[in-house]
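Presented below is the structure to which this report refers.
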Amino acid sequence: MSGKNVYDVLLERGYIEQATHEEEVRDYLSQKGATFYVGFDPTADSLHIGHFIQLMVMTHLQRAGMRPIALMGGGTGHIGDPSGRSDMRSLMSKETIDHNVDCFVKQMSRLLDFSDGKAIIDNNADWLLELNYIDFLREIGVHFSVNRMLSLDSYKNRLEEGLSFFEFNYILLQAYDFLHLYRKYDCRLQVGGSDQWSNIIAGVDLIRKVEHADAYGMTFSLLTNSAGEKMGKTAKGAVWLDEDKFSVYDFYQYLRNVNDADVIKFMKQLTFMPMEEIEEYSKMSGADLNKAKERLAFEVTSLVHGQEKASGAEAAAKALFGGQGDLSDSPTYVLKSSEMDKSLIEILADNKIVTSRSEARRLLQQGGLYLNDEAVGDIGRMLKPQDLDQDASCIIRLGKKRYYILRFED
């Protein structure tokens, strides 16, 4: 950390959005073993690239001597946070939530050290599901003003569409989480995305009112591009950290293809590369920026999937773009040999590589459909045995950057 307070490190790398008490937070983060927590809503069986910012912040803080708590919302997951939403989340079963939590822990362990109590996994289902409603209202509810709650954007934006009383309780429950973790672990800092500011402040205020103790909150920027748009969506859906939901190759290529204006920002936020090295990359422009993009993609893929798989994805990309390397980690569709009786357009649409046959036709007519790096000009073009290599595979390119492997088996 070069003698810097980790708060300054986070600031330098562009993480911090705001803090409830900047100097107090800075001082708290200088205390070895000081505990902080980040909440995770287990609404899927994998984290996505947006969560990766949270993991990076947690890892920076742990490396500086802090103790992270990864709080799984096994209890609040039964409700769902209304922040940033215009509809009510569907309810999940306990089995689904427990499964999702297990998946999160496995992915987090790639970055965070959970050995010997250096980081803690806890689940708010352990205390929220056993709450006595009357006792909860008497201890916690009395400290919340309905008027103030209704003035929060997370609730105000939902009033026209309809906000259920079920969801209305969410902010009380999250504040209670902070109070519970303060009592259990002496946790005095909650960290989260900028969309969690209202929830975090509620917990800080609750601890001060109930325990007459100091507590703090800090939010970090959401993962956005230079246009201010949230990152993490592709034609295939979310950029998941689970390779079964989003392949290692696709993950690598997603980062390899970020806009020029975003490369340095993402190097700071999504890698542990030294700032001095990032500064050197920031001097690049034009075609040289491709080197920076390749480095970004390799570093982040290594953190998420391991260096070996990152090397495989890098080699696959070089094979597809430069005619050399290993194709084993490319996005591959294994098809029945009988599919070769269809036209290429039908194959692409039927296997959802494109959204429809009309999209495939449009790509072809605009010169954007390639087979083994040769433009396809015939709408009725069918695959021939000579189009396939010794592994019964061929390479499809859509536009300039979207590559796919089709492999045919009996």
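Every chain in the structure tokens has a letter given in the order shown (A, B, ...), and although residue numbers restart at 1 in each chain, ligands are simply numbered from 1 in the order shown.
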Per-residue nearest contacts of stretch 30-103 of chain A to stretch 222-231 of chain A (10 Å; only C-alpha atoms) as JSON lines:
{"residue": "A:Ile49", "atom": "CA", "partner": "A:Met231", "partner_atom": "CA", "distance": 7.9}
{"residue": "A:Gly50", "atom": "CA", "partner": "A:Leu223", "partner_atom": "CA", "distance": 5.8}
{"residue": "A:His51", "atom": "CA", "partner": "A:Leu223", "partner_atom": "CA", "distance": 8.6}
{"residue": "A:Phe52", "atom": "CA", "partner": "A:Leu223", "partner_atom": "CA", "distance": 8.7}
{"residue": "A:Ile53", "atom": "CA", "partner": "A:Leu223", "partner_atom": "CA", "distance": 6.9}
{"residue": "A:Gln54", "atom": "CA", "partner": "A:Leu222", "partner_atom": "CA", "distance": 9.0}
Which polymer residues have any atom within 8 Å of an atom of A:Lys209, counting only C-alpha atoms, with same-chain residues fewer than 4 positions away left out, as a list in words?
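Returned residues: His143, Asp205 and Ala213 of chain A.
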Could you take the residues named above and write them with all heavy atoms, as an mmCIF file, in the first residue's frame?
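Output file out_29.cif follows:
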data_model
loop_
_atom_site.group_PDB
_atom_site.id
_atom_site.type_symbol
_atom_site.label_atom_id
_atom_site.label_comp_id
_atom_site.auth_asym_id
_atom_site.auth_seq_id
_atom_site.Cartn_x
_atom_site.Cartn_y
_atom_site.Cartn_z
ATOM 1 N N HIS A 143 -37.958 3.710 15.597
ATOM 2 C CA HIS A 143 -36.897 4.643 15.217
ATOM 3 C C HIS A 143 -37.005 5.109 13.762
ATOM 4 O O HIS A 143 -36.130 5.846 13.292
ATOM 5 C CB HIS A 143 -35.534 3.991 15.447
ATOM 6 C CG HIS A 143 -35.259 3.657 16.878
ATOM 7 N ND1 HIS A 143 -35.060 4.618 17.854
ATOM 8 C CD2 HIS A 143 -35.182 2.450 17.520
ATOM 9 C CE1 HIS A 143 -34.856 4.027 19.020
ATOM 10 N NE2 HIS A 143 -34.918 2.710 18.842
ATOM 11 N N ASP A 205 -27.789 5.297 11.387
ATOM 12 C CA ASP A 205 -28.641 6.036 12.321
ATOM 13 C C ASP A 205 -29.211 5.126 13.408
ATOM 14 O O ASP A 205 -29.312 5.517 14.573
ATOM 15 C CB ASP A 205 -29.789 6.713 11.569
ATOM 16 C CG ASP A 205 -29.322 7.889 10.716
ATOM 17 O OD1 ASP A 205 -28.188 8.358 10.949
ATOM 18 O OD2 ASP A 205 -30.086 8.325 9.838
ATOM 19 N N ALA A 213 -23.669 4.447 19.704
ATOM 20 C CA ALA A 213 -22.302 4.138 19.255
ATOM 21 C C ALA A 213 -22.074 4.703 17.858
ATOM 22 O O ALA A 213 -23.021 4.956 17.112
ATOM 23 C CB ALA A 213 -22.085 2.625 19.255
#
Write out as a PyMOL selection string all residues of stretch 39-250 of chain A that backbone DSSP assigns to alpha helix (DSSP H).
chain A and resi 49-63+94-108+125-128+133-139+146-151+153-156+165-168+170-185+197-211+248-250
Restrict the selected residues to C-alpha atoms and save them as a short mmCIF file (atom, residue, chain, number, x, y, z; two decimals), in the first residue's frame.
data_model
loop_
_atom_site.label_atom_id
_atom_site.label_comp_id
_atom_site.auth_asym_id
_atom_site.auth_seq_id
_atom_site.Cartn_x
_atom_site.Cartn_y
_atom_site.Cartn_z
CA ILE A 49 -19.40 -8.46 -13.32
CA GLY A 50 -21.22 -5.69 -11.43
CA HIS A 51 -20.60 -7.54 -8.15
CA PHE A 52 -16.92 -7.75 -9.02
CA ILE A 53 -16.45 -4.12 -7.93
CA GLN A 54 -17.67 -5.12 -4.46
CA LEU A 55 -15.25 -8.06 -4.34
CA MET A 56 -12.36 -5.82 -5.38
CA VAL A 57 -13.15 -3.26 -2.66
CA MET A 58 -13.44 -6.04 -0.07
CA THR A 59 -10.10 -7.51 -1.17
CA HIS A 60 -8.31 -4.15 -1.05
CA LEU A 61 -9.60 -3.65 2.48
CA GLN A 62 -8.71 -7.18 3.59
CA ARG A 63 -5.18 -6.83 2.23
CA LYS A 94 -35.36 -21.30 1.01
CA GLU A 95 -33.69 -24.11 -0.99
CA THR A 96 -33.07 -21.78 -3.94
CA ILE A 97 -31.64 -19.05 -1.72
CA ASP A 98 -29.36 -21.51 0.10
CA HIS A 99 -28.09 -22.89 -3.20
CA ASN A 100 -27.38 -19.38 -4.51
CA VAL A 101 -25.51 -18.48 -1.33
CA ASP A 102 -23.28 -21.56 -1.71
CA CYS A 103 -22.47 -20.52 -5.29
CA PHE A 104 -21.56 -16.97 -4.17
CA VAL A 105 -19.19 -18.21 -1.48
CA LYS A 106 -17.32 -20.40 -3.94
CA GLN A 107 -16.82 -17.46 -6.32
CA MET A 108 -15.81 -15.04 -3.56
CA ALA A 125 -31.70 -15.66 7.50
CA ASP A 126 -30.19 -16.81 10.81
CA TRP A 127 -31.72 -13.88 12.68
CA LEU A 128 -34.39 -12.35 10.42
CA TYR A 133 -42.84 -9.16 14.68
CA ILE A 134 -44.17 -7.29 17.72
CA ASP A 135 -40.76 -7.23 19.41
CA PHE A 136 -39.18 -6.04 16.15
CA LEU A 137 -41.64 -3.16 15.83
CA ARG A 138 -41.10 -2.16 19.46
CA GLU A 139 -37.29 -2.21 19.26
CA VAL A 146 -42.71 6.91 7.61
CA ASN A 147 -42.59 10.44 6.19
CA ARG A 148 -38.82 10.25 5.82
CA MET A 149 -38.98 6.78 4.29
CA LEU A 150 -41.51 7.93 1.69
CA SER A 151 -39.17 10.76 0.70
CA ASP A 153 -36.02 7.75 -4.05
CA SER A 154 -36.09 3.98 -3.63
CA TYR A 155 -39.66 4.23 -2.34
CA LYS A 156 -40.85 7.43 -4.01
CA PHE A 165 -45.97 -3.22 2.55
CA PHE A 166 -43.86 -6.37 2.15
CA GLU A 167 -41.14 -4.36 0.36
CA PHE A 168 -41.69 -1.30 2.56
CA TYR A 170 -36.86 -3.81 3.55
CA ILE A 171 -35.01 -0.74 4.81
CA LEU A 172 -35.85 -1.66 8.43
CA LEU A 173 -34.50 -5.15 7.96
CA GLN A 174 -31.25 -4.01 6.35
CA ALA A 175 -30.73 -1.45 9.11
CA TYR A 176 -31.34 -4.21 11.63
CA ASP A 177 -28.67 -6.31 9.88
CA PHE A 178 -26.12 -3.58 10.55
CA LEU A 179 -27.22 -3.34 14.19
CA HIS A 180 -26.98 -7.13 14.57
CA LEU A 181 -23.48 -7.25 13.03
CA TYR A 182 -22.37 -4.41 15.28
CA ARG A 183 -23.53 -6.36 18.31
CA LYS A 184 -22.08 -9.68 17.12
CA TYR A 185 -18.76 -8.61 15.54
CA TRP A 197 -26.89 4.87 0.24
CA SER A 198 -30.35 5.23 1.83
CA ASN A 199 -30.23 1.72 3.30
CA ILE A 200 -26.73 2.28 4.68
CA ILE A 201 -27.63 5.59 6.32
CA ALA A 202 -30.64 3.91 7.96
CA GLY A 203 -28.33 1.36 9.60
CA VAL A 204 -25.84 4.01 10.73
CA ASP A 205 -28.64 6.04 12.32
CA LEU A 206 -30.17 2.97 13.98
CA ILE A 207 -26.90 2.01 15.70
CA ARG A 208 -26.44 5.55 16.94
CA LYS A 209 -29.99 5.69 18.31
CA VAL A 210 -30.16 2.22 19.88
CA GLU A 211 -26.56 1.67 21.00
CA VAL A 248 -14.42 -17.96 -20.05
CA TYR A 249 -13.77 -16.97 -23.64
CA ASP A 250 -16.84 -14.70 -23.77
#
Please provide as a list in words all residues within 10 Å of stretch 363-369 of chain A, with the sequence filter that same-chain residues fewer than 6 positions apart are discarded (counting only C-alpha atoms).
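Answer for this query is Leu344, Ile345, Val354, Arg357, Ala375, Val376, Gly377, Asp378, Ile379, Ile396, Arg397, Leu398, Gly399, Lys400 and Arg402 of chain A.
Minimum distance to A:Gly306 across A:Tyr252, A:Ser358, A:Tyr216, A:Tyr333 (counting only C-alpha atoms) occurs at A:Tyr252.
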Which residues are close to A:Glu22, i.e. within 10 Å by only C-alpha atoms, leaving aside same-chain residues fewer than 3 positions away? Reply as a PyMOL selection string.
chain A and resi 7+18-19+25-28+216-218
May I have the residues from that selection written out with N, CA and C atoms, as a short mmCIF file (atom, residue, chain, number, x, y, z; two decimals), in the first residue's frame?
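Listed below is the output, part_26.cif:
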data_model
loop_
_atom_site.label_atom_id
_atom_site.label_comp_id
_atom_site.auth_asym_id
_atom_site.auth_seq_id
_atom_site.Cartn_x
_atom_site.Cartn_y
_atom_site.Cartn_z
N TYR A 7 -8.05 3.99 2.43
CA TYR A 7 -9.09 4.92 1.94
C TYR A 7 -8.56 5.71 0.75
N GLN A 18 -19.19 8.13 -1.95
CA GLN A 18 -19.38 9.03 -0.80
C GLN A 18 -19.23 8.24 0.50
N ALA A 19 -19.04 8.99 1.59
CA ALA A 19 -18.91 8.39 2.92
C ALA A 19 -19.71 9.24 3.90
N VAL A 25 -14.14 7.50 8.82
CA VAL A 25 -13.98 6.27 8.03
C VAL A 25 -12.50 6.04 7.73
N ARG A 26 -11.81 7.10 7.37
CA ARG A 26 -10.37 6.98 7.08
C ARG A 26 -9.63 6.46 8.32
N ASP A 27 -9.99 6.98 9.48
CA ASP A 27 -9.35 6.54 10.73
C ASP A 27 -9.70 5.09 11.04
N TYR A 28 -10.97 4.73 10.83
CA TYR A 28 -11.43 3.36 11.10
C TYR A 28 -10.68 2.36 10.23
N TYR A 216 -20.53 3.87 10.56
CA TYR A 216 -20.26 4.64 9.35
C TYR A 216 -20.71 3.88 8.11
N GLY A 217 -20.82 4.62 7.04
CA GLY A 217 -21.16 4.02 5.76
C GLY A 217 -20.30 4.59 4.66
N MET A 218 -20.04 3.76 3.65
CA MET A 218 -19.26 4.20 2.49
C MET A 218 -19.81 3.52 1.25
#
Nearest residue to A:Tyr37 from the set A:Gly74, A:Gly237, A:Pro274, A:Pro68 (distances using only C-alpha atoms):
A:Pro68
Residues within 10 Å of A:Lys268, please, as a PyMOL selection string. Count only C-alpha atoms; anything in the same chain fewer than 2 positions from it doesn't count.
chain A and resi 10+12-15+263-266+270-275+278-279+296
Selected residues written out, all heavy atoms, as a compact mmCIF listing (two decimals), in the first residue's frame:
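Once written, result.txt looks like this:
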# COMPACT_ATOMS: atom_id res chain seq x y z
N LEU A 10 -8.37 3.47 -2.33
CA LEU A 10 -9.69 3.32 -2.97
C LEU A 10 -10.08 4.58 -3.71
O LEU A 10 -10.67 4.53 -4.79
CB LEU A 10 -10.74 2.99 -1.91
CG LEU A 10 -10.57 1.67 -1.14
CD1 LEU A 10 -11.68 1.52 -0.11
CD2 LEU A 10 -10.55 0.49 -2.09
N GLU A 12 -7.98 6.82 -5.02
CA GLU A 12 -7.10 6.93 -6.18
C GLU A 12 -7.55 6.04 -7.33
O GLU A 12 -7.44 6.40 -8.51
CB GLU A 12 -5.68 6.58 -5.76
CG GLU A 12 -4.64 6.69 -6.86
CD GLU A 12 -3.26 6.30 -6.38
OE1 GLU A 12 -3.14 5.33 -5.58
OE2 GLU A 12 -2.29 6.95 -6.79
N ARG A 13 -8.11 4.88 -7.00
CA ARG A 13 -8.50 3.93 -8.03
C ARG A 13 -9.95 4.16 -8.49
O ARG A 13 -10.46 3.40 -9.31
CB ARG A 13 -8.30 2.50 -7.54
CG ARG A 13 -6.83 2.19 -7.22
CD ARG A 13 -6.60 0.73 -6.87
NE ARG A 13 -6.48 -0.10 -8.05
CZ ARG A 13 -5.34 -0.52 -8.59
NH1 ARG A 13 -4.17 -0.15 -8.06
NH2 ARG A 13 -5.33 -1.29 -9.65
N GLY A 14 -10.60 5.18 -7.95
CA GLY A 14 -11.91 5.58 -8.46
C GLY A 14 -13.08 4.80 -7.91
O GLY A 14 -14.15 4.77 -8.52
N TYR A 15 -12.93 4.18 -6.74
CA TYR A 15 -14.02 3.39 -6.17
C TYR A 15 -15.02 4.24 -5.39
O TYR A 15 -16.23 4.05 -5.51
CB TYR A 15 -13.47 2.34 -5.20
CG TYR A 15 -12.69 1.20 -5.83
CD1 TYR A 15 -11.33 1.05 -5.58
CD2 TYR A 15 -13.31 0.27 -6.64
CE1 TYR A 15 -10.61 0.00 -6.12
CE2 TYR A 15 -12.60 -0.79 -7.20
CZ TYR A 15 -11.25 -0.91 -6.93
OH TYR A 15 -10.55 -1.94 -7.47
N VAL A 263 -10.83 1.79 -20.77
CA VAL A 263 -9.77 0.82 -20.46
C VAL A 263 -9.05 1.16 -19.17
O VAL A 263 -8.89 0.31 -18.28
CB VAL A 263 -8.75 0.72 -21.62
CG1 VAL A 263 -7.65 -0.28 -21.27
CG2 VAL A 263 -9.43 0.29 -22.90
N ILE A 264 -8.60 2.39 -19.02
CA ILE A 264 -7.80 2.77 -17.85
C ILE A 264 -8.66 2.73 -16.58
O ILE A 264 -8.21 2.25 -15.53
CB ILE A 264 -7.18 4.17 -18.06
CG1 ILE A 264 -6.29 4.16 -19.31
CG2 ILE A 264 -6.39 4.58 -16.83
CD1 ILE A 264 -5.21 3.09 -19.31
N LYS A 265 -9.89 3.22 -16.68
CA LYS A 265 -10.80 3.17 -15.53
C LYS A 265 -10.98 1.74 -15.04
O LYS A 265 -10.92 1.46 -13.83
CB LYS A 265 -12.14 3.78 -15.92
CG LYS A 265 -13.21 3.65 -14.84
CD LYS A 265 -14.56 4.15 -15.34
CE LYS A 265 -15.65 3.92 -14.30
NZ LYS A 265 -16.97 4.36 -14.78
N PHE A 266 -11.18 0.81 -15.98
CA PHE A 266 -11.41 -0.58 -15.59
C PHE A 266 -10.13 -1.23 -15.08
O PHE A 266 -10.18 -2.11 -14.22
CB PHE A 266 -12.00 -1.37 -16.77
CG PHE A 266 -13.42 -0.97 -17.11
CD1 PHE A 266 -13.98 -1.35 -18.31
CD2 PHE A 266 -14.17 -0.22 -16.23
CE1 PHE A 266 -15.28 -0.99 -18.62
CE2 PHE A 266 -15.47 0.15 -16.54
CZ PHE A 266 -16.03 -0.24 -17.74
N LEU A 270 -10.85 -2.96 -11.70
CA LEU A 270 -11.07 -4.40 -11.84
C LEU A 270 -9.79 -5.24 -11.78
O LEU A 270 -9.84 -6.45 -11.93
CB LEU A 270 -11.80 -4.69 -13.16
CG LEU A 270 -13.16 -4.01 -13.34
CD1 LEU A 270 -13.77 -4.36 -14.69
CD2 LEU A 270 -14.13 -4.38 -12.22
N THR A 271 -8.64 -4.59 -11.58
CA THR A 271 -7.38 -5.33 -11.45
C THR A 271 -6.60 -4.79 -10.26
O THR A 271 -6.93 -3.74 -9.70
CB THR A 271 -6.49 -5.20 -12.71
OG1 THR A 271 -5.77 -3.95 -12.67
CG2 THR A 271 -7.30 -5.27 -13.99
N PHE A 272 -5.55 -5.52 -9.91
CA PHE A 272 -4.63 -5.05 -8.87
C PHE A 272 -3.33 -4.54 -9.48
O PHE A 272 -2.30 -4.45 -8.80
CB PHE A 272 -4.33 -6.18 -7.88
CG PHE A 272 -5.53 -6.59 -7.07
CD1 PHE A 272 -6.17 -7.80 -7.32
CD2 PHE A 272 -6.02 -5.77 -6.07
CE1 PHE A 272 -7.28 -8.17 -6.58
CE2 PHE A 272 -7.12 -6.13 -5.32
CZ PHE A 272 -7.77 -7.35 -5.58
N MET A 273 -3.36 -4.22 -10.75
CA MET A 273 -2.17 -3.69 -11.40
C MET A 273 -1.70 -2.43 -10.68
O MET A 273 -2.52 -1.59 -10.28
CB MET A 273 -2.47 -3.36 -12.87
CG MET A 273 -2.73 -4.57 -13.75
SD MET A 273 -3.36 -4.10 -15.39
CE MET A 273 -2.00 -3.08 -16.01
N PRO A 274 -0.38 -2.26 -10.49
CA PRO A 274 0.13 -1.05 -9.83
C PRO A 274 -0.27 0.21 -10.60
O PRO A 274 -0.33 0.20 -11.84
CB PRO A 274 1.65 -1.24 -9.86
CG PRO A 274 1.85 -2.71 -10.05
CD PRO A 274 0.70 -3.19 -10.86
N MET A 275 -0.55 1.28 -9.88
CA MET A 275 -0.97 2.52 -10.52
C MET A 275 0.11 3.05 -11.47
O MET A 275 -0.21 3.66 -12.50
CB MET A 275 -1.30 3.57 -9.46
CG MET A 275 -2.58 3.28 -8.68
SD MET A 275 -4.07 3.29 -9.73
CE MET A 275 -4.15 5.03 -10.17
N ILE A 278 -0.37 1.25 -14.71
CA ILE A 278 -1.59 1.74 -15.37
C ILE A 278 -1.33 3.10 -16.00
O ILE A 278 -1.81 3.40 -17.10
CB ILE A 278 -2.76 1.81 -14.36
CG1 ILE A 278 -3.13 0.40 -13.89
CG2 ILE A 278 -3.97 2.49 -14.97
CD1 ILE A 278 -4.17 0.35 -12.79
N GLU A 279 -0.54 3.92 -15.32
CA GLU A 279 -0.20 5.24 -15.85
C GLU A 279 0.53 5.12 -17.19
O GLU A 279 0.29 5.91 -18.11
CB GLU A 279 0.68 5.98 -14.84
CG GLU A 279 1.13 7.37 -15.28
CD GLU A 279 -0.02 8.34 -15.49
OE1 GLU A 279 -1.07 8.18 -14.82
OE2 GLU A 279 0.13 9.25 -16.34
N LEU A 296 -5.92 -5.90 -19.79
CA LEU A 296 -7.11 -5.80 -18.93
C LEU A 296 -7.88 -7.11 -18.93
O LEU A 296 -8.23 -7.64 -17.86
CB LEU A 296 -8.01 -4.66 -19.42
CG LEU A 296 -9.40 -4.58 -18.79
CD1 LEU A 296 -9.31 -4.17 -17.33
CD2 LEU A 296 -10.29 -3.61 -19.58
By how many Å are atom CA of A:Leu348 and atom CA of A:Glu409 apart?
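Separating atom CA of A:Leu348 from atom CA of A:Glu409 is a distance of 16.5 Å.
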Compare A:Glu23, A:Glu280, A:Asp116, A:Glu17 by their minimum atom-to-atom distance to A:Val191, counting only C-alpha atoms, and give me the closest one.
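Of the candidates, the smallest distance to A:Val191 is held by A:Glu17.
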So which bits of stretch 175-379 of chain A end up strand (DSSP E) when you DSSP the backbone, as a ChimeraX atom specification?
/A:189-193,216-220,233-234,237-238,332-336,369-371,374-375
Let's have the selection written as a compact mmCIF listing (two decimals), in the first residue's frame, with N, CA, C and O atoms.
# COMPACT_ATOMS: atom_id res chain seq x y z
N LEU A 189 -18.81 -0.46 10.08
CA LEU A 189 -18.80 0.11 8.73
C LEU A 189 -19.54 -0.78 7.76
O LEU A 189 -19.26 -1.98 7.67
N GLN A 190 -20.49 -0.20 7.04
CA GLN A 190 -21.13 -0.91 5.93
C GLN A 190 -20.67 -0.27 4.63
O GLN A 190 -20.63 0.96 4.50
N VAL A 191 -20.32 -1.11 3.68
CA VAL A 191 -19.85 -0.67 2.37
C VAL A 191 -20.79 -1.25 1.33
O VAL A 191 -21.23 -2.40 1.44
N GLY A 192 -21.12 -0.47 0.31
CA GLY A 192 -22.00 -0.98 -0.74
C GLY A 192 -22.03 -0.07 -1.95
O GLY A 192 -21.39 0.99 -1.96
N GLY A 193 -22.76 -0.50 -2.96
CA GLY A 193 -22.89 0.30 -4.17
C GLY A 193 -23.63 1.59 -3.89
O GLY A 193 -24.34 1.73 -2.89
N TYR A 216 -20.53 3.87 10.56
CA TYR A 216 -20.26 4.64 9.35
C TYR A 216 -20.71 3.88 8.11
O TYR A 216 -20.92 2.66 8.14
N GLY A 217 -20.82 4.62 7.04
CA GLY A 217 -21.16 4.02 5.76
C GLY A 217 -20.30 4.59 4.66
O GLY A 217 -19.86 5.74 4.72
N MET A 218 -20.04 3.76 3.65
CA MET A 218 -19.26 4.20 2.49
C MET A 218 -19.81 3.52 1.25
O MET A 218 -20.08 2.31 1.28
N THR A 219 -20.03 4.28 0.20
CA THR A 219 -20.50 3.67 -1.04
C THR A 219 -19.45 3.83 -2.13
O THR A 219 -18.64 4.76 -2.11
N PHE A 220 -19.48 2.90 -3.07
CA PHE A 220 -18.57 2.97 -4.20
C PHE A 220 -19.38 3.05 -5.49
O PHE A 220 -20.56 2.70 -5.53
N LYS A 233 -24.19 -6.15 -19.39
CA LYS A 233 -25.20 -6.80 -20.23
C LYS A 233 -24.64 -7.03 -21.63
O LYS A 233 -23.94 -6.20 -22.18
N THR A 234 -24.95 -8.19 -22.21
CA THR A 234 -24.58 -8.49 -23.57
C THR A 234 -25.80 -9.06 -24.28
O THR A 234 -26.86 -9.22 -23.67
N GLY A 237 -27.11 -11.81 -22.43
CA GLY A 237 -27.61 -11.55 -21.08
C GLY A 237 -26.50 -11.02 -20.18
O GLY A 237 -25.56 -10.38 -20.65
N ALA A 238 -26.60 -11.28 -18.88
CA ALA A 238 -25.64 -10.76 -17.91
C ALA A 238 -24.26 -11.40 -18.09
O ALA A 238 -24.14 -12.53 -18.56
N THR A 332 -18.40 -22.53 -27.98
CA THR A 332 -18.62 -23.65 -28.90
C THR A 332 -20.04 -24.17 -28.80
O THR A 332 -20.57 -24.34 -27.70
N TYR A 333 -20.64 -24.41 -29.96
CA TYR A 333 -21.97 -25.02 -30.04
C TYR A 333 -21.80 -26.41 -30.63
O TYR A 333 -21.32 -26.56 -31.76
N VAL A 334 -22.14 -27.43 -29.84
CA VAL A 334 -22.04 -28.81 -30.32
C VAL A 334 -23.39 -29.20 -30.92
O VAL A 334 -24.40 -29.23 -30.21
N LEU A 335 -23.41 -29.49 -32.21
CA LEU A 335 -24.65 -29.75 -32.93
C LEU A 335 -24.66 -31.16 -33.51
O LEU A 335 -23.61 -31.78 -33.71
N LYS A 336 -25.85 -31.65 -33.77
CA LYS A 336 -25.99 -32.95 -34.43
C LYS A 336 -25.59 -32.83 -35.90
O LYS A 336 -25.84 -31.80 -36.55
N LEU A 369 -21.61 -11.71 -42.29
CA LEU A 369 -21.63 -13.12 -41.91
C LEU A 369 -20.46 -13.83 -42.58
O LEU A 369 -20.33 -13.80 -43.82
N TYR A 370 -19.61 -14.44 -41.76
CA TYR A 370 -18.40 -15.09 -42.29
C TYR A 370 -18.35 -16.55 -41.86
O TYR A 370 -18.72 -16.88 -40.74
N LEU A 371 -17.89 -17.38 -42.76
CA LEU A 371 -17.64 -18.79 -42.48
C LEU A 371 -16.17 -19.04 -42.70
O LEU A 371 -15.65 -18.82 -43.81
N GLU A 374 -14.37 -16.24 -44.35
CA GLU A 374 -14.75 -15.83 -45.70
C GLU A 374 -16.20 -15.38 -45.68
O GLU A 374 -17.07 -16.05 -45.11
N ALA A 375 -16.47 -14.24 -46.30
CA ALA A 375 -17.82 -13.69 -46.30
C ALA A 375 -18.78 -14.64 -47.01
O ALA A 375 -18.45 -15.22 -48.05
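Each of A:Ala297, A:Ile140, A:Ala310, A:Ile347 was compared to A:Met382 using only C-alpha atoms, and A:Ile347 turns out to be the nearest.
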